[in-house]
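**Student:** One structure, as structure tokens, below. Some questions next.
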Amino acid sequence: MNKKGIEFTFSWIFAIIAGATILVSAIYLTTRFIDSGRTEGDTFIAGELANLLNPVETNLEDVKYSVIDFSQDAKIYNDCSAEGVFGVQKISTSSKSGNEWNEKSVSKSVFNKYLFSRNIEETDDNKLYVMVKPFVQPFKIADLIIIHGGGYCFVNPDSNTEEFIKDISADLSKQVGINISLTTSSCPKNFTKVCFDRIGCDINVNTQSEVVSKYGKDLRYHGDSLQLAAIFSEPEIYECQLKRIMKRAGELAVIYSKKAIYVEGNGCSNNLVGDLQSFILETNITDSNDFSRSVVPLAEELNRRNSELASCKIF
């Protein structure tokens, strides 16, 4: 991935500024209401947050990064369901009034967004960090939206991850909520430690086996985008969103399969129809182990064969 693709378009900048302004105003207004009014206000915030996390589509090599500043502490609740054609993403929020948290708002549902985070993500110093990375397997399937409240220490990360963090932080001059250290002892106190190719941290990443181990569970990934998604996600959220993404991949493969049939019928041979149909069958995964075992090899073979086509590439 080209980590230099972090320039914001005008529409992205406008969306962030306008959305953040609405969020700040909404949170301020919730402090003016009593119990039911506060819940109603937080429901409005959840809706605006869902809109704000509706990013300008990335290109294949784009990465987008932003910080949302809240006027006071906030909690974002990430609920995922893989039921149905594409599953559903639900977002709800609660804000803080004095020393007390308001009740969880009514959730807002979206069907084409994939949000990776803890079940409950709390802002750090009123900040929420947002990273958007495209997921390609073997064609672009979706943009992964990764959010976190900061306080992470990456210990001896692999070169791709370190380059990515340095790029979005302008060589660590801009706050991104992530510290890079050579040893665990040099991590800031109370930060969540993430070890790469070693053990002994809260989260351990094995880049050779492509496994993120956390909370006693192993999450399989493939590629930089899913690696970050697994690091910042609750295991249940990660597995659910991966199922949803594969549902979308299957539907896209149906379209590409029809395209392959069409171009062959017009004299442009590609021999990808059978592989695409096999790929469709494998996208109905049960978990990330199933994804790593069944989907990844087929996706890599499809990518290789499509790349070798001199003309009439399908994706």
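Letters A, B, ... go to the chains of the structure tokens in the order shown; residues in each chain start at 1; ligands are counted from 1 in the same order.
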Check which residues of range 69-157 of chain A sit at most 9 Å from range 230-238 of chain A using only C-alpha atoms, and return one row each with the closest pair of atoms and their distance in Å to one decimal, ordered by chain and rising number, as CSV.
**Tutor:**
residue,atom,partner,partner_atom,distance
A:Asn78,CA,A:Ile237,CA,7.9
A:Asp79,CA,A:Ile237,CA,7.5
A:Cys80,CA,A:Ile237,CA,6.3
A:Ser81,CA,A:Ile237,CA,8.8
A:Leu115,CA,A:Ile237,CA,8.4
A:Phe116,CA,A:Ser233,CA,5.2
A:Ser117,CA,A:Ser233,CA,4.1
A:Arg118,CA,A:Glu234,CA,4.6
A:Asn119,CA,A:Glu234,CA,6.1
A:Ile146,CA,A:Phe232,CA,7.2
A:Ile147,CA,A:Phe232,CA,7.5
A:His148,CA,A:Phe232,CA,6.8
**Student:** Could you save the residues just selected, with C-alpha atoms, as an mmCIF file, in the first residue's frame?
**Tutor:**
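To be explicit, this is the file written out as part-v1.cif:
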data_model
loop_
_atom_site.group_PDB
_atom_site.id
_atom_site.type_symbol
_atom_site.label_atom_id
_atom_site.label_comp_id
_atom_site.auth_asym_id
_atom_site.auth_seq_id
_atom_site.Cartn_x
_atom_site.Cartn_y
_atom_site.Cartn_z
ATOM 1 C CA ASN A 78 -20.104 -0.481 18.467
ATOM 2 C CA ASP A 79 -22.661 -3.218 17.837
ATOM 3 C CA CYS A 80 -22.289 -5.591 14.896
ATOM 4 C CA SER A 81 -24.625 -8.242 13.526
ATOM 5 C CA LEU A 115 -16.450 -0.136 12.060
ATOM 6 C CA PHE A 116 -13.579 -1.767 13.972
ATOM 7 C CA SER A 117 -13.105 -0.847 17.637
ATOM 8 C CA ARG A 118 -13.737 -2.028 21.174
ATOM 9 C CA ASN A 119 -17.342 -2.759 22.106
ATOM 10 C CA ILE A 146 -10.869 1.895 12.548
ATOM 11 C CA ILE A 147 -11.546 4.078 15.599
ATOM 12 C CA HIS A 148 -9.824 4.254 18.969
#
**Student:** Using only C-alpha atoms, which residues sit within 6 Å of Phe86 in chain A once same-chain residues fewer than 2 positions away are excluded, as a PyMOL selection string?
**Tutor:** chain A and resi 84+244+247
**Student:** I'd like the neighbourhood of Thr183 in chain A as a CSV table (one decimal) with N, CA and C atoms, in the first residue's frame, where a residue qualifies if any of its atoms comes within 9 Å (using only C-alpha atoms), though same-chain residues fewer than 6 positions away should be ignored.
**Tutor:**
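Result written to out_28.csv:
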chain,number,residue,atom,x,y,z
A,155,VAL,N,5.2,-1.8,20.1
A,155,VAL,CA,6.6,-2.2,20.4
A,155,VAL,C,7.2,-2.9,19.3
A,156,ASN,N,8.3,-2.3,18.7
A,156,ASN,CA,9.0,-2.8,17.6
A,156,ASN,C,8.1,-3.3,16.4
A,195,CYS,N,2.8,-5.9,21.0
A,195,CYS,CA,4.1,-6.4,20.6
A,195,CYS,C,4.1,-7.0,19.3
**Student:** So, counting only C-alpha atoms, which residue among A:Ser95, A:Gln277, A:Asn303, A:Ser186 is closest to Lys140 in chain A?
**Tutor:**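 Among the listed residues, A:Asn303 lies closest to Lys140 in chain A.
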**Student:** Within range 116-163 of chain A, find each residue whose DSSP state, derived from the backbone, is strand (DSSP E), and express the selection as a PyMOL selection string.
**Tutor:** chain A and resi 116+120-122+127-136+140-148+152-155
**Student:** So that I have them on file, write out the residues from the current selection with C-alpha atoms, as a PDB file, in the first residue's frame.
**Tutor:**
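Full text of again04.pdb as output:
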ATOM      1  CA  PHE A 116     -13.579  -1.767  13.972  1.00  0.00           C
ATOM      2  CA  ILE A 120     -17.299   0.530  24.018  1.00  0.00           C
ATOM      3  CA  GLU A 121     -14.740   3.051  22.815  1.00  0.00           C
ATOM      4  CA  GLU A 122     -14.162   5.957  25.192  1.00  0.00           C
ATOM      5  CA  LYS A 127     -10.498  12.897  21.241  1.00  0.00           C
ATOM      6  CA  LEU A 128     -11.478  10.036  18.967  1.00  0.00           C
ATOM      7  CA  TYR A 129      -8.963   8.864  16.350  1.00  0.00           C
ATOM      8  CA  VAL A 130     -10.260   7.641  12.990  1.00  0.00           C
ATOM      9  CA  MET A 131      -8.346   5.715  10.327  1.00  0.00           C
ATOM     10  CA  VAL A 132      -9.909   4.593   7.041  1.00  0.00           C
ATOM     11  CA  LYS A 133      -8.103   1.942   4.985  1.00  0.00           C
ATOM     12  CA  PRO A 134      -9.292   0.104   1.860  1.00  0.00           C
ATOM     13  CA  PHE A 135      -9.578  -3.676   2.012  1.00  0.00           C
ATOM     14  CA  VAL A 136      -8.627  -5.533  -1.196  1.00  0.00           C
ATOM     15  CA  LYS A 140     -11.506  -3.735  -3.443  1.00  0.00           C
ATOM     16  CA  ILE A 141     -14.331  -4.856  -1.181  1.00  0.00           C
ATOM     17  CA  ALA A 142     -14.848  -2.044   1.331  1.00  0.00           C
ATOM     18  CA  ASP A 143     -13.272   0.716   3.397  1.00  0.00           C
ATOM     19  CA  LEU A 144     -12.395  -0.377   6.923  1.00  0.00           C
ATOM     20  CA  ILE A 145     -13.116   2.329   9.509  1.00  0.00           C
ATOM     21  CA  ILE A 146     -10.869   1.895  12.548  1.00  0.00           C
ATOM     22  CA  ILE A 147     -11.546   4.078  15.599  1.00  0.00           C
ATOM     23  CA  HIS A 148      -9.824   4.254  18.969  1.00  0.00           C
ATOM     24  CA  TYR A 152      -1.572   2.478  22.486  1.00  0.00           C
ATOM     25  CA  CYS A 153       2.141   1.628  22.433  1.00  0.00           C
ATOM     26  CA  PHE A 154       3.438  -0.332  19.430  1.00  0.00           C
ATOM     27  CA  VAL A 155       6.589  -2.223  20.443  1.00  0.00           C
TER      28      VAL A 155
END
**Student:** Could you check which of A:Ser307, A:Ser92, A:Asn112, A:Asn126 is closest to Pro138 in chain A, using only C-alpha atoms?
**Tutor:**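 Closest to Pro138 in chain A of all the choices is A:Ser307.
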**Student:** Considering only C-alpha atoms, return as a PDB file with N, CA and C atoms, in the first residue's frame whatever protein or nucleic-acid residues lie within 10 Å of Asp158 in chain A, sequence-local ones (same chain, fewer than 3 positions apart) excluded.
**Tutor:**
ATOM      1  N   PHE A 154       3.012   0.711  20.350  1.00  0.00           N
ATOM      2  CA  PHE A 154       3.438  -0.332  19.430  1.00  0.00           C
ATOM      3  C   PHE A 154       4.920  -0.614  19.684  1.00  0.00           C
ATOM      4  N   VAL A 155       5.217  -1.842  20.095  1.00  0.00           N
ATOM      5  CA  VAL A 155       6.589  -2.223  20.443  1.00  0.00           C
ATOM      6  C   VAL A 155       7.247  -2.930  19.263  1.00  0.00           C
ATOM      7  N   THR A 161       3.910  -1.233   9.173  1.00  0.00           N
ATOM      8  CA  THR A 161       3.098  -0.590  10.206  1.00  0.00           C
ATOM      9  C   THR A 161       3.767   0.668  10.719  1.00  0.00           C
ATOM     10  N   GLU A 162       5.083   0.609  10.949  1.00  0.00           N
ATOM     11  CA  GLU A 162       5.798   1.785  11.437  1.00  0.00           C
ATOM     12  C   GLU A 162       5.748   2.924  10.418  1.00  0.00           C
ATOM     13  N   GLU A 163       5.906   2.585   9.144  1.00  0.00           N
ATOM     14  CA  GLU A 163       5.841   3.601   8.095  1.00  0.00           C
ATOM     15  C   GLU A 163       4.458   4.243   8.046  1.00  0.00           C
ATOM     16  N   CYS A 195       2.831  -5.878  21.040  1.00  0.00           N
ATOM     17  CA  CYS A 195       4.131  -6.424  20.645  1.00  0.00           C
ATOM     18  C   CYS A 195       4.060  -7.037  19.252  1.00  0.00           C
ATOM     19  N   PHE A 196       5.095  -6.808  18.461  1.00  0.00           N
ATOM     20  CA  PHE A 196       5.194  -7.387  17.135  1.00  0.00           C
ATOM     21  C   PHE A 196       6.312  -8.429  17.110  1.00  0.00           C
ATOM     22  N   ASP A 197       5.924  -9.655  16.748  1.00  0.00           N
ATOM     23  CA  ASP A 197       6.847 -10.779  16.639  1.00  0.00           C
ATOM     24  C   ASP A 197       7.607 -11.037  17.941  1.00  0.00           C
ATOM     25  N   VAL A 205       1.289  -9.572  18.113  1.00  0.00           N
ATOM     26  CA  VAL A 205       1.100  -9.721  16.670  1.00  0.00           C
ATOM     27  C   VAL A 205       2.212 -10.602  16.113  1.00  0.00           C
ATOM     28  N   ASN A 206       1.825 -11.688  15.464  1.00  0.00           N
ATOM     29  CA  ASN A 206       2.773 -12.562  14.772  1.00  0.00           C
ATOM     30  C   ASN A 206       2.632 -12.279  13.283  1.00  0.00           C
ATOM     31  N   THR A 207       3.586 -11.519  12.728  1.00  0.00           N
ATOM     32  CA  THR A 207       3.463 -11.101  11.333  1.00  0.00           C
ATOM     33  C   THR A 207       3.756 -12.244  10.365  1.00  0.00           C
TER      34      THR A 207
END
**Student:** For CA of Thr93 in chain A and CA of Ile76 in chain A, quote the distance in Å rounded to one decimal.
**Tutor:**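 Straight-line distance from CA of Thr93 in chain A to CA of Ile76 in chain A works out to 4.6 Å.
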**Student:** Would you list the contacts of range 310-314 of chain A as a list in words, taking every protein, DNA or RNA residue within 8 Å and counting only C-alpha atoms, but skipping same-chain residues closer than 4 positions in sequence?
**Tutor:**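 That gives Tyr256, Lys259, Ala260, Val263, Cys268, Ser269, Asn270 and Asn306 of chain A.
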**Student:** Can you check which residues of range 133-306 of chain A DSSP gives as helix (DSSP H, G or I) on the backbone and send them as an MDAnalysis selection string?
**Tutor:** chainID A and resid 159:168 184:186 224:232 235:265 273:282 288:306
